[in-house]
>>> print(open('query28.txt').read())   # compact mmCIF, C-alpha atoms
# COMPACT_ATOMS: atom_id res chain seq x y z
CA MET A 191 -40.37 -1.97 11.00
CA GLY A 192 -37.61 -1.42 13.53
CA GLU A 193 -39.48 -3.76 15.88
CA THR A 194 -39.86 -6.48 13.24
CA GLY A 195 -36.14 -6.18 12.59
CA GLY A 196 -35.56 -6.57 16.30
CA ILE A 197 -37.59 -9.75 16.44
CA THR A 198 -35.83 -11.18 13.39
CA GLY A 199 -32.51 -10.31 14.97
CA ARG A 200 -33.44 -11.91 18.28
CA PHE A 201 -34.64 -14.96 16.42
CA THR A 202 -31.37 -15.17 14.48
CA ALA A 203 -29.42 -14.81 17.70
CA GLU A 204 -31.53 -17.54 19.28
CA VAL A 205 -30.90 -19.86 16.33
CA CYS A 206 -27.18 -19.15 16.46
CA ARG A 207 -27.06 -19.92 20.17
CA THR A 208 -29.02 -23.11 19.72
CA LEU A 209 -27.04 -24.30 16.73
CA SER A 210 -23.56 -23.58 17.94
CA GLY A 211 -24.02 -23.46 21.68
CA VAL A 212 -21.98 -20.26 21.85
CA GLU A 213 -22.82 -16.88 23.29
CA SER A 214 -24.96 -14.79 20.97
CA ARG A 215 -23.19 -12.17 18.96
CA SER A 216 -23.21 -8.73 20.48
CA VAL A 217 -25.53 -6.05 19.08
CA ARG A 218 -22.46 -4.24 17.84
CA GLU A 219 -21.34 -7.27 15.86
CA ARG A 220 -24.79 -7.75 14.38
CA VAL A 221 -24.84 -4.14 13.23
CA LEU A 222 -21.36 -4.46 11.71
CA GLU A 223 -22.40 -7.63 9.87
CA GLY A 224 -25.45 -5.75 8.62
CA GLY A 225 -23.12 -2.94 7.59
CA LEU A 226 -21.03 -5.36 5.56
CA VAL A 227 -24.10 -6.78 3.82
CA SER A 228 -25.39 -3.28 3.05
CA ILE A 229 -22.03 -2.07 1.73
CA GLY A 230 -21.95 -5.13 -0.54
CA ARG A 231 -25.41 -4.24 -1.83
CA TYR A 232 -25.36 -0.47 -2.03
CA GLY A 233 -21.70 0.58 -1.74
CA LEU A 234 -19.90 2.78 0.80
CA ALA A 235 -21.45 6.05 -0.34
CA ARG A 236 -25.11 4.97 -0.48
CA THR A 237 -25.44 2.67 2.53
CA THR A 238 -27.95 4.18 4.98
CA VAL A 239 -28.83 3.45 8.61
CA ASP A 240 -32.16 2.05 7.35
CA ASP A 241 -30.32 -0.44 5.12
CA VAL A 242 -28.19 -1.54 8.04
CA ALA A 243 -31.25 -1.83 10.31
CA GLN A 244 -32.95 -4.03 7.77
CA ALA A 245 -29.88 -6.19 7.08
CA SER A 246 -29.00 -6.62 10.76
CA GLY A 247 -32.42 -6.91 12.35
CA VAL A 248 -31.44 -4.22 14.84
CA SER A 249 -33.72 -1.20 15.24
CA ARG A 250 -32.62 2.27 14.15
CA ALA A 251 -32.82 3.51 17.74
CA THR A 252 -30.55 0.73 19.00
CA ILE A 253 -28.14 1.29 16.13
CA TYR A 254 -27.87 5.00 16.96
CA ARG A 255 -27.25 4.12 20.62
CA HIS A 256 -24.26 2.02 19.62
CA PHE A 257 -23.16 4.18 16.68
CA PRO A 258 -23.98 7.80 17.53
CA GLY A 259 -22.08 8.91 14.42
CA GLY A 260 -24.73 7.25 12.24
CA ARG A 261 -23.99 5.85 8.82
CA ASP A 262 -20.50 7.36 8.52
CA GLN A 263 -19.42 5.72 11.75
CA ILE A 264 -21.02 2.40 10.78
CA VAL A 265 -19.24 2.41 7.42
CA LYS A 266 -15.88 3.30 8.97
CA ASP A 267 -16.24 0.79 11.81
CA THR A 268 -17.42 -1.94 9.44
CA VAL A 269 -14.29 -1.55 7.30
CA ALA A 270 -12.09 -1.64 10.43
CA TRP A 271 -13.93 -4.66 11.84
CA GLU A 272 -13.82 -6.62 8.58
CA MET A 273 -10.14 -5.84 8.13
CA GLY A 274 -9.50 -7.08 11.67
CA ARG A 275 -11.44 -10.27 10.95
CA PHE A 276 -9.53 -10.77 7.70
CA PHE A 277 -6.18 -10.66 9.46
CA LYS A 278 -7.44 -12.81 12.33
CA ARG A 279 -8.45 -15.52 9.82
CA LEU A 280 -5.11 -15.08 8.08
CA GLY A 281 -3.26 -15.57 11.38
CA GLU A 282 -5.27 -18.70 12.19
CA ALA A 283 -4.66 -20.13 8.71
CA VAL A 284 -0.88 -19.92 8.98
CA ALA A 285 -0.30 -20.32 12.73
CA ALA A 286 0.93 -23.92 12.43
CA ALA A 287 3.60 -23.22 9.79
CA PRO A 288 6.89 -25.01 10.60
CA ASP A 289 9.16 -22.05 9.83
CA LEU A 290 9.03 -18.38 8.91
CA CYS A 291 9.52 -18.91 5.15
CA VAL A 292 6.58 -21.28 4.95
CA LEU A 293 4.52 -19.02 7.21
CA ILE A 294 4.97 -16.01 4.91
CA GLU A 295 4.44 -18.05 1.75
CA ASP A 296 1.22 -19.54 3.13
CA ALA A 297 0.09 -16.14 4.37
CA LEU A 298 0.54 -14.49 0.97
CA VAL A 299 -1.29 -17.25 -0.88
CA PHE A 300 -4.13 -17.35 1.67
CA ALA A 301 -4.51 -13.56 1.73
CA ARG A 302 -4.53 -13.15 -2.06
CA LYS A 303 -7.12 -15.88 -2.42
CA ALA A 304 -9.28 -14.56 0.42
CA LEU A 305 -9.13 -11.08 -1.09
CA ALA A 306 -10.02 -12.36 -4.56
CA GLU A 307 -12.99 -14.22 -3.08
CA HIS A 308 -14.14 -11.34 -0.89
CA ALA A 309 -17.15 -10.20 -2.90
CA VAL A 310 -17.74 -7.00 -0.93
CA PHE A 311 -14.10 -5.93 -1.16
CA GLN A 312 -13.95 -6.68 -4.89
CA ARG A 313 -17.09 -4.69 -5.55
CA VAL A 314 -16.02 -1.67 -3.53
CA VAL A 315 -12.39 -1.55 -4.67
CA GLU A 316 -13.68 -1.64 -8.24
CA THR A 317 -16.48 0.91 -7.93
CA GLU A 318 -15.46 3.18 -5.02
CA PRO A 319 -11.67 3.01 -4.60
CA ASP A 320 -11.58 6.71 -3.72
CA ARG A 321 -13.78 6.01 -0.66
CA LEU A 322 -12.37 2.64 0.35
CA LEU A 323 -8.63 3.27 0.13
CA PRO A 324 -8.43 6.18 2.61
CA LEU A 325 -10.25 3.96 5.14
CA LEU A 326 -7.86 1.07 4.51
CA THR A 327 -4.83 3.35 4.73
CA VAL A 328 -5.95 4.74 8.08
CA GLU A 329 -6.57 1.16 9.22
CA SER A 330 -3.14 0.02 8.06
CA PHE A 331 -1.65 2.04 10.93
CA ARG A 332 -3.56 -0.23 13.31
CA ILE A 333 -2.95 -3.39 11.31
CA LEU A 334 0.84 -3.04 11.02
CA PRO A 335 1.48 -3.44 14.79
CA LEU A 336 -1.00 -6.34 14.85
CA ILE A 337 0.81 -8.23 12.07
CA GLY A 338 4.15 -7.32 13.66
CA GLY A 339 3.01 -8.59 17.04
CA PHE A 340 1.80 -11.82 15.46
CA LEU A 341 5.22 -12.33 13.88
CA VAL A 342 7.29 -11.77 17.04
CA PRO A 343 7.07 -15.35 18.46
CA TYR A 344 7.96 -16.79 15.04
CA LEU A 345 10.96 -14.47 14.82
CA GLU A 346 12.01 -15.47 18.33
CA ARG A 347 11.79 -19.12 17.28
CA GLU A 348 14.05 -18.40 14.28
CA ARG A 349 16.46 -16.47 16.54
CA ASP A 350 16.57 -19.30 19.09
CA ALA A 351 17.34 -21.73 16.27
CA GLY A 352 20.20 -19.43 15.26
CA ARG A 353 18.64 -18.58 11.92
CA LEU A 354 18.29 -14.80 12.24
CA ARG A 355 21.04 -12.47 11.12
CA PRO A 356 23.27 -11.62 14.08
CA GLY A 357 22.22 -8.49 15.97
CA ALA A 358 18.74 -8.44 14.46
CA ASP A 359 16.26 -6.43 16.53
CA ILE A 360 13.04 -8.45 16.75
CA GLY A 361 10.74 -5.42 16.92
CA ARG A 362 12.28 -3.62 13.94
CA THR A 363 12.38 -6.82 11.94
CA ALA A 364 8.73 -7.59 12.71
CA ASP A 365 7.68 -4.09 11.58
CA TYR A 366 9.63 -4.43 8.34
CA ILE A 367 8.16 -7.85 7.52
CA ALA A 368 4.65 -6.64 8.43
CA ARG A 369 4.97 -3.70 6.02
CA MET A 370 6.28 -5.84 3.21
CA VAL A 371 3.63 -8.53 3.73
CA LEU A 372 0.90 -5.89 3.63
CA SER A 373 2.47 -4.42 0.50
CA CYS A 374 2.61 -7.83 -1.21
CA ILE A 375 -0.97 -8.71 -0.25
CA GLY A 376 -2.21 -5.47 -1.78
CA ALA A 377 -0.04 -5.58 -4.89
CA PRO A 378 1.85 -8.70 -6.04
CA GLY A 379 3.85 -6.48 -8.42
CA VAL A 380 6.13 -8.55 -10.62
CA TYR A 381 5.36 -11.83 -8.78
CA ASP A 382 2.78 -14.50 -9.58
CA PHE A 383 1.60 -16.03 -6.29
CA ASP A 384 0.08 -19.00 -8.15
CA ASP A 385 3.55 -20.05 -9.27
CA PRO A 386 5.38 -21.74 -6.35
CA ALA A 387 8.77 -20.93 -7.87
CA ASP A 388 7.87 -17.23 -8.11
CA LEU A 389 6.56 -17.24 -4.56
CA ARG A 390 9.83 -18.75 -3.32
CA LEU A 391 11.82 -16.07 -5.18
CA LEU A 392 9.72 -13.40 -3.50
CA VAL A 393 9.87 -14.80 0.03
CA ARG A 394 13.25 -16.50 0.17
CA GLU A 395 15.33 -14.27 -2.09
CA GLN A 396 13.72 -10.93 -1.33
CA LEU A 397 11.39 -10.59 1.64
CA LEU A 398 13.24 -12.76 4.18
CA ALA A 399 16.66 -12.80 2.54
CA GLY A 400 17.79 -9.87 4.64
CA VAL A 401 16.16 -11.18 7.81
CA LEU A 402 17.44 -14.76 7.94
CA ALA A 403 21.15 -15.47 8.21
CA PRO A 404 22.88 -16.56 4.99
CA GLY A 405 22.54 -20.32 4.64
CA SER A 406 19.55 -20.39 7.00
CA ILE A 407 16.89 -20.37 4.34
CA LEU A 408 15.47 -23.85 4.70
CA ALA A 409 14.67 -25.98 1.70
CA PRO A 410 11.09 -25.41 0.52
CA ARG A 411 8.42 -27.85 1.49
CA PRO A 412 8.40 -30.84 -0.88
CA MET B 242 -16.45 25.56 -32.35
CA THR B 243 -13.26 23.80 -31.41
CA VAL B 244 -9.87 25.26 -32.04
CA GLU B 245 -7.07 22.81 -32.78
CA PRO B 246 -4.59 22.98 -29.91
CA ILE B 247 -1.19 24.32 -30.84
CA ALA B 248 1.89 22.33 -29.86
CA SER B 249 3.26 23.96 -26.74
CA THR B 250 6.78 25.29 -26.47
CA PRO B 251 9.02 23.92 -23.72
CA GLU B 252 8.92 27.32 -21.97
CA VAL B 253 5.12 27.47 -21.90
CA THR B 254 4.86 23.81 -20.86
CA ALA B 255 7.28 24.37 -17.98
CA LYS B 256 5.30 27.43 -16.83
CA VAL B 257 2.01 25.54 -17.02
CA VAL B 258 3.35 22.47 -15.22
CA GLU B 259 4.87 24.53 -12.43
CA GLY B 260 1.68 26.56 -12.14
CA ALA B 261 -0.41 23.41 -12.02
CA LEU B 262 1.77 21.84 -9.30
CA ARG B 263 1.52 25.02 -7.21
CA ALA B 264 -2.23 25.14 -7.77
CA VAL B 265 -2.66 21.49 -6.71
CA ALA B 266 -0.56 22.07 -3.59
CA ARG B 267 -2.86 25.02 -2.73
CA PHE B 268 -6.33 23.96 -3.86
CA GLY B 269 -6.18 20.19 -4.28
CA LEU B 270 -7.30 18.26 -7.32
CA THR B 271 -11.06 17.95 -7.01
CA LYS B 272 -11.78 21.66 -7.24
CA LEU B 273 -8.82 22.52 -9.48
CA THR B 274 -9.82 24.63 -12.49
CA VAL B 275 -7.91 25.66 -15.56
CA ASP B 276 -8.31 29.24 -14.31
CA ASP B 277 -6.38 28.36 -11.13
CA VAL B 278 -3.59 26.91 -13.24
CA ALA B 279 -3.47 29.96 -15.53
CA ARG B 280 -3.33 32.31 -12.54
CA GLU B 281 -0.56 30.31 -10.83
CA ALA B 282 1.33 30.04 -14.12
CA GLY B 283 1.04 33.77 -14.76
CA ILE B 284 -0.42 33.38 -18.23
CA SER B 285 -3.84 34.21 -19.63
CA ARG B 286 -6.63 31.69 -19.71
CA ALA B 287 -6.85 32.07 -23.50
CA THR B 288 -3.15 31.35 -23.97
CA LEU B 289 -3.35 28.32 -21.72
CA TYR B 290 -6.35 26.95 -23.61
CA ARG B 291 -4.61 27.38 -26.96
CA TYR B 292 -1.89 24.96 -25.88
CA PHE B 293 -3.76 22.79 -23.39
CA PRO B 294 -7.43 22.37 -24.25
CA GLY B 295 -8.76 21.57 -20.77
CA ARG B 296 -7.95 20.18 -17.38
CA SER B 297 -7.01 16.67 -18.47
CA ALA B 298 -4.52 18.00 -21.03
CA VAL B 299 -2.88 20.05 -18.28
CA LEU B 300 -2.77 17.06 -15.91
CA ALA B 301 -1.35 14.80 -18.63
CA ALA B 302 1.44 17.35 -19.16
CA VAL B 303 2.08 17.38 -15.40
CA VAL B 304 2.33 13.59 -15.23
CA ARG B 305 4.67 13.51 -18.24
CA SER B 306 6.88 16.22 -16.82
CA GLU B 307 6.98 14.75 -13.32
CA THR B 308 7.87 11.31 -14.69
CA GLU B 309 10.77 12.83 -16.65
CA ARG B 310 11.89 14.85 -13.62
CA LEU B 311 11.90 11.74 -11.41
CA GLN B 312 13.83 9.80 -14.03
CA ARG B 313 16.43 12.60 -14.26
CA GLY B 314 16.71 12.80 -10.47
CA LEU B 315 17.19 9.06 -10.29
CA ASP B 316 19.81 9.11 -13.04
CA GLU B 317 21.67 11.85 -11.15
CA ALA B 318 21.46 10.03 -7.83
CA LEU B 319 22.73 6.84 -9.46
CA GLY B 320 25.36 8.61 -11.54
CA GLU B 321 27.62 9.13 -8.56
CA THR B 322 27.51 5.52 -7.36
CA THR B 323 30.05 2.80 -7.99
CA THR B 324 29.14 -0.08 -5.66
CA LEU B 325 25.92 -2.08 -5.41
CA ALA B 326 25.42 -0.85 -1.82
CA GLU B 327 25.73 2.78 -2.94
CA ALA B 328 23.35 2.26 -5.85
CA LEU B 329 20.63 0.64 -3.70
CA ALA B 330 20.94 3.33 -1.03
CA ALA B 331 20.86 6.06 -3.70
CA VAL B 332 17.65 4.73 -5.28
CA ALA B 333 15.91 4.26 -1.93
CA GLY B 334 17.04 7.61 -0.55
CA TYR B 335 16.02 9.47 -3.69
CA GLY B 336 12.65 7.73 -3.77
CA ALA B 337 11.91 8.47 -0.11
CA ARG B 338 12.90 12.15 -0.50
CA ALA B 339 10.87 12.51 -3.70
CA PHE B 340 7.78 11.03 -2.04
CA ALA B 341 7.97 12.86 1.29
CA GLY B 342 9.08 16.16 -0.27
CA HIS B 343 6.47 16.27 -3.04
CA GLU B 344 4.22 19.08 -1.81
CA PRO B 345 1.28 18.57 -4.18
CA LEU B 346 1.28 14.82 -3.44
CA GLN B 347 1.49 15.37 0.32
CA HIS B 348 -1.27 17.98 0.16
CA LEU B 349 -3.53 15.52 -1.68
CA LEU B 350 -2.72 12.67 0.73
CA ALA B 351 -3.64 14.92 3.66
CA THR B 352 -6.73 16.61 2.27
CA GLU B 353 -8.23 14.42 -0.46
CA PRO B 354 -6.56 11.00 -0.29
CA GLY B 355 -9.27 9.48 -2.48
CA THR B 356 -7.84 11.29 -5.50
CA VAL B 357 -4.33 9.78 -5.24
CA LEU B 358 -4.59 6.52 -3.28
CA PRO B 359 -6.09 4.57 -6.21
CA HIS B 360 -2.77 5.22 -7.99
CA LEU B 361 -0.73 4.04 -5.00
CA CYS B 362 -2.67 0.99 -3.73
CA PHE B 363 -3.75 -2.39 -5.14
CA SER B 364 -3.82 -2.30 -8.96
CA GLY B 365 -2.43 1.26 -8.92
CA ALA B 366 0.52 0.02 -6.87
CA ASP B 367 1.00 -2.92 -9.26
CA THR B 368 1.34 -0.47 -12.13
CA LEU B 369 3.73 1.72 -10.15
CA LEU B 370 5.88 -1.24 -9.09
CA THR B 371 6.10 -2.49 -12.66
CA VAL B 372 7.13 0.98 -13.86
CA ALA B 373 9.77 1.08 -11.10
CA ALA B 374 11.07 -2.35 -12.15
CA ASP B 375 11.23 -1.20 -15.80
CA ARG B 376 12.86 2.16 -15.07
CA ILE B 377 15.20 1.37 -12.18
CA GLY B 378 16.00 -2.26 -13.02
CA PRO B 379 18.32 -1.46 -15.96
CA HIS B 380 20.45 0.75 -13.66
CA LEU B 381 21.17 -2.26 -11.45
CA CYS B 382 22.15 -4.57 -14.32
CA ARG B 383 25.81 -3.68 -13.84
CA PHE B 384 25.64 -5.58 -10.52
CA MET B 385 23.28 -8.51 -11.25
CA GLY B 386 21.26 -10.30 -13.90
CA PRO B 387 18.37 -8.41 -15.51
CA LEU B 388 15.59 -10.40 -13.82
CA GLU B 389 17.05 -10.02 -10.38
CA ALA B 390 17.67 -6.35 -11.12
CA ARG B 391 13.94 -5.94 -11.86
CA ARG B 392 12.96 -7.71 -8.64
CA THR B 393 15.41 -5.68 -6.56
CA ALA B 394 14.20 -2.42 -8.11
CA GLU B 395 10.63 -3.41 -7.43
CA TRP B 396 11.51 -4.22 -3.83
CA LEU B 397 13.05 -0.78 -3.25
CA ALA B 398 9.90 0.81 -4.69
CA ARG B 399 7.75 -1.23 -2.28
CA ILE B 400 9.78 -0.01 0.68
CA VAL B 401 9.56 3.63 -0.46
CA LEU B 402 5.81 3.29 -1.00
CA SER B 403 5.15 1.59 2.35
CA TYR B 404 7.11 4.09 4.43
CA GLY B 405 5.72 6.97 2.34
CA LEU B 406 2.07 5.99 2.80
CA ALA B 407 2.32 4.92 6.44
CA PRO B 408 5.12 7.17 7.69
CA PRO B 409 7.06 5.94 10.72
CA PRO B 410 7.81 8.37 13.60
CA GLU B 411 11.23 9.28 12.20
CA PRO B 412 11.64 11.01 8.80
CA ALA B 413 10.74 8.57 6.00
CA GLU B 414 14.14 8.93 4.32
CA THR B 415 15.96 7.94 7.52
CA ALA B 416 13.66 4.95 8.04
CA VAL B 417 13.89 3.81 4.41
CA LEU B 418 17.68 4.07 4.33
CA SER B 419 18.06 2.19 7.57
CA VAL B 420 15.85 -0.75 6.51
CA VAL B 421 17.55 -0.86 3.10
CA ARG B 422 20.96 -1.00 4.79
CA GLU B 423 19.80 -3.62 7.28
CA PHE B 424 17.48 -5.85 5.24
CA VAL B 425 18.25 -5.33 1.54
CA ILE B 426 21.89 -4.47 0.90
CA PRO B 427 23.66 -7.37 2.71
CA ALA B 428 21.51 -10.04 1.06
CA ALA B 429 21.80 -8.39 -2.37
CA GLU B 430 25.60 -8.26 -1.99
CA GLU B 431 25.74 -11.92 -1.00
CA ARG B 432 23.65 -12.90 -4.02
CA ALA B 433 25.71 -10.76 -6.36
CA GLY B 434 28.92 -12.05 -4.81
CA THR B 435 30.11 -8.46 -4.37
CA ALA B 436 30.05 -8.28 -0.57
CA GLY B 437 32.75 -5.90 0.60
CA GLY B 438 31.22 -2.46 0.11
CA SER B 439 30.72 -1.21 3.65
CA PRO B 440 27.21 -2.01 4.94
CA ASP B 441 26.24 1.62 5.53
CA GLY B 442 26.15 2.24 1.80
CA THR B 443 29.24 4.43 1.69
CA ALA B 444 32.23 3.50 -0.41
CA ALA B 445 34.48 0.85 1.08
>>> encode(input="query28.txt", output="structure tokens")
Amino acid sequence: MGETGGITGRFTAEVCRTLSGVESRSVRERVLEGGLVSIGRYGLARTTVDDVAQASGVSRATIYRHFPGGRDQIVKDTVAWEMGRFFKRLGEAVAAAPDLCVLIEDALVFARKALAEHAVFQRVVETEPDRLLPLLTVESFRILPLIGGFLVPYLERERDAGRLRPGADIGRTADYIARMVLSCIGAPGVYDFDDPADLRLLVREQLLAGVLAPGSILAPRP
Amino acid sequence: MTVEPIASTPEVTAKVVEGALRAVARFGLTKLTVDDVAREAGISRATLYRYFPGRSAVLAAVVRSETERLQRGLDEALGETTTLAEALAAVAGYGARAFAGHEPLQHLLATEPGTVLPHLCFSGADTLLTVAADRIGPHLCRFMGPLEARRTAEWLARIVLSYGLAPPPEPAETAVLSVVREFVIPAAEERAGTAGGSPDGTAA
């Protein structure tokens, strides 16, 4: 059965290479994808190495070579990997924004929508929040510097255009915005992200109001 | 046979709540029994059961009492403030201290985060932020309109929650106060047209 899985996996990799012309995904990535599929089917608590082997087409032996910690490690690493992918997609979706206000507004809308459409996340946060949330909280320590680092060039652009508050420290500011963006993605609180006026209140009068110099909040996109 | 619970007296309730908080800080929530609470409270199991028929009744009393205690602490912290800057710093500072200094909460976050995080993340956080807007917002109405007061209160709660759940290297209260002074107070003063309180949150 492990061998069949291996053949299926190799076949899938072959197809991927042929179709897209890119390097095949690593074994590790295939296992993590299988982990995601299994978690979506069986949940965090009940996913087994056998499920992941079947979903990924990678044999049990190979899986254990890459993930010596077995199912617990696969589950933990899958959550970390998917969270990383989520924020990578988010970064790509907003990278071309003309200014920081638009960037944050687009990021919040994109992230809320992507989260609402993420079937695995929705299932697990509904049925196993006690297992998911500690993993996400641990991951948030890794994600905060990533979001902050992503924001630095945009903050430098605002500073160079004279739109940051005088004396603002880019690193501190990036960390603050990263925290607040993460907070807003997780919980919109009193704001409705579907309402552009509400979103502007959140971003322009709250989140970035203390970051951008008074009078530097650009008019919203028409 | 079920015995109708008897309405507890304030003295007994206080003993039970304190006992329960001590018990949670020692044993956590998952394995917490009514016996643990009775022992920590220094009252007999039978007495405890007469007033609080089971674990969930005890925990409901704890939540009620802690909510009231937080509200009183907040009222006190705000009572001494006169400017907008002072009020915002007082709310944030109190919130950060209450979060970081809450032993049962910190014990749960460290040992069984799955029991508390659902109340602090995603829909749990939405509920918490709305409660903060409802409870703290009215205190800020002397400086701004009611809707903006709600949003500002909510924002302070977000900051407290973020720095409480993912603590920075420095003490959370220091970090929270410094971001509130840097990123919240000046903009709030400009909007309210009350700029002039000194930016460090002390009286001008």
>>> interface_residues(input="query28.txt", of="chain A", to="chain B", cutoff="7 Å", atoms="all atoms listed in the file", output="ChimeraX atom specification")
/A:319-321,323-324,331,369,373,376-380,399-401
>>> atom_distance(input="query28.txt", atom1="CA of Ala413 (chain B)", atom2="CA of Ala364 (chain A)")
17.6 Å
>>> closest_residue(input="query28.txt", among="B:Gly336, B:Pro246, B:Gly320, B:Pro345", to="Arg263 (chain B)", atoms="only C-alpha atoms")
B:Pro345
>>> atom_distance(input="query28.txt", atom1="CA of Asp388 (chain A)", atom2="CA of Phe384 (chain B)")
21.4 Å
>>> residues_around(input="query28.txt", residues="Gly334 (chain B)", least_positions_apart="5", cutoff="8 Å", atoms="all atoms listed in the file", output="JSON list (two decimals) with C-alpha atoms, in the coordinates of the input")
[["chain", "number", "residue", "atom", "x", "y", "z"],
["B", 414, "GLU", "CA", 14.14, 8.93, 4.32],
["B", 417, "VAL", "CA", 13.89, 3.81, 4.41],
["B", 418, "LEU", "CA", 17.68, 4.07, 4.33]]
>>> residues_around(input="query28.txt", residues="region 238-244 of chain A", least_positions_apart="4", cutoff="7 Å", atoms="all atoms listed in the file", output="PyMOL selection string")
chain A and resi 195+221+224-225+228+248-250+260-261
>>> atom_distance(input="query28.txt", atom1="CA of Ile247 (chain B)", atom2="CA of Arg291 (chain B)")
6.0 Å
>>> residues_around(input="query28.txt", residues="Ile333 (chain A)", least_positions_apart="2", cutoff="9 Å", atoms="all atoms listed in the file", output="list in words")
Met273, Gly274, Phe277, Glu329, Ser330, Phe331, Pro335, Leu336, Ile337, Gly338, Ala368 and Leu372 of chain A
>>> closest_residue(input="query28.txt", among="B:Val258, B:Ala248, B:Ala398, B:Val253", to="Ala301 (chain B)", atoms="all atoms listed in the file")
B:Val258
>>> residues_around(input="query28.txt", residues="Arg394 (chain A)", least_positions_apart="4", cutoff="10 Å", atoms="all atoms listed in the file", output="NGL selection string")
:A and (290-292 or 294-295 or 388-390 or 398-402 or 407-410)
>>> residues_around(input="query28.txt", residues="Ala235 (chain A)", least_positions_apart="2", cutoff="10 Å", atoms="all atoms listed in the file", output="list in words")
Ile229, Tyr232, Gly233, Thr237, Thr238, Arg261, Asp262, Val265, Val314, Glu318, Arg321 and Leu322 of chain A
>>> residues_near_point(input="query28.txt", point="(26.2, -11.1, -12.2)", cutoff="9 Å", atoms="all atoms listed in the file", output="ChimeraX atom specification")
/B:382-387,432-434
>>> closest_residue(input="query28.txt", among="B:Glu259, B:Glu281, B:Asp316, B:Glu321", to="Leu300 (chain B)", atoms="only C-alpha atoms")
B:Glu259
>>> build_atoms(input="query28.txt", residues="region 308-320 of chain B", atoms="N, CA and C atoms", output="PDB file, keeping the file's coordinate frame")
ATOM      1  N   THR B 308       7.209  12.582 -14.422  1.00  0.00           N
ATOM      2  CA  THR B 308       7.870  11.310 -14.690  1.00  0.00           C
ATOM      3  C   THR B 308       9.294  11.553 -15.186  1.00  0.00           C
ATOM      4  N   GLU B 309       9.434  12.523 -16.121  1.00  0.00           N
ATOM      5  CA  GLU B 309      10.770  12.830 -16.650  1.00  0.00           C
ATOM      6  C   GLU B 309      11.681  13.387 -15.547  1.00  0.00           C
ATOM      7  N   ARG B 310      11.092  14.247 -14.689  1.00  0.00           N
ATOM      8  CA  ARG B 310      11.890  14.850 -13.620  1.00  0.00           C
ATOM      9  C   ARG B 310      12.398  13.768 -12.655  1.00  0.00           C
ATOM     10  N   LEU B 311      11.495  12.815 -12.313  1.00  0.00           N
ATOM     11  CA  LEU B 311      11.900  11.740 -11.410  1.00  0.00           C
ATOM     12  C   LEU B 311      12.992  10.893 -12.050  1.00  0.00           C
ATOM     13  N   GLN B 312      12.828  10.612 -13.341  1.00  0.00           N
ATOM     14  CA  GLN B 312      13.830   9.800 -14.030  1.00  0.00           C
ATOM     15  C   GLN B 312      15.190  10.517 -14.023  1.00  0.00           C
ATOM     16  N   ARG B 313      15.168  11.837 -14.276  1.00  0.00           N
ATOM     17  CA  ARG B 313      16.430  12.600 -14.260  1.00  0.00           C
ATOM     18  C   ARG B 313      17.041  12.584 -12.869  1.00  0.00           C
ATOM     19  N   GLY B 314      16.214  12.789 -11.849  1.00  0.00           N
ATOM     20  CA  GLY B 314      16.710  12.800 -10.470  1.00  0.00           C
ATOM     21  C   GLY B 314      17.342  11.477 -10.104  1.00  0.00           C
ATOM     22  N   LEU B 315      16.687  10.404 -10.559  1.00  0.00           N
ATOM     23  CA  LEU B 315      17.190   9.060 -10.290  1.00  0.00           C
ATOM     24  C   LEU B 315      18.520   8.831 -11.007  1.00  0.00           C
ATOM     25  N   ASP B 316      18.563   9.247 -12.268  1.00  0.00           N
ATOM     26  CA  ASP B 316      19.810   9.110 -13.040  1.00  0.00           C
ATOM     27  C   ASP B 316      20.950   9.841 -12.340  1.00  0.00           C
ATOM     28  N   GLU B 317      20.644  11.068 -11.852  1.00  0.00           N
ATOM     29  CA  GLU B 317      21.670  11.850 -11.150  1.00  0.00           C
ATOM     30  C   GLU B 317      22.117  11.145  -9.888  1.00  0.00           C
ATOM     31  N   ALA B 318      21.129  10.679  -9.091  1.00  0.00           N
ATOM     32  CA  ALA B 318      21.460  10.030  -7.830  1.00  0.00           C
ATOM     33  C   ALA B 318      22.307   8.783  -8.077  1.00  0.00           C
ATOM     34  N   LEU B 319      22.003   8.071  -9.168  1.00  0.00           N
ATOM     35  CA  LEU B 319      22.730   6.840  -9.460  1.00  0.00           C
ATOM     36  C   LEU B 319      24.069   7.109 -10.120  1.00  0.00           C
ATOM     37  N   GLY B 320      24.165   8.284 -10.767  1.00  0.00           N
ATOM     38  CA  GLY B 320      25.360   8.610 -11.540  1.00  0.00           C
ATOM     39  C   GLY B 320      26.619   8.619 -10.691  1.00  0.00           C
TER      40      GLY B 320
END
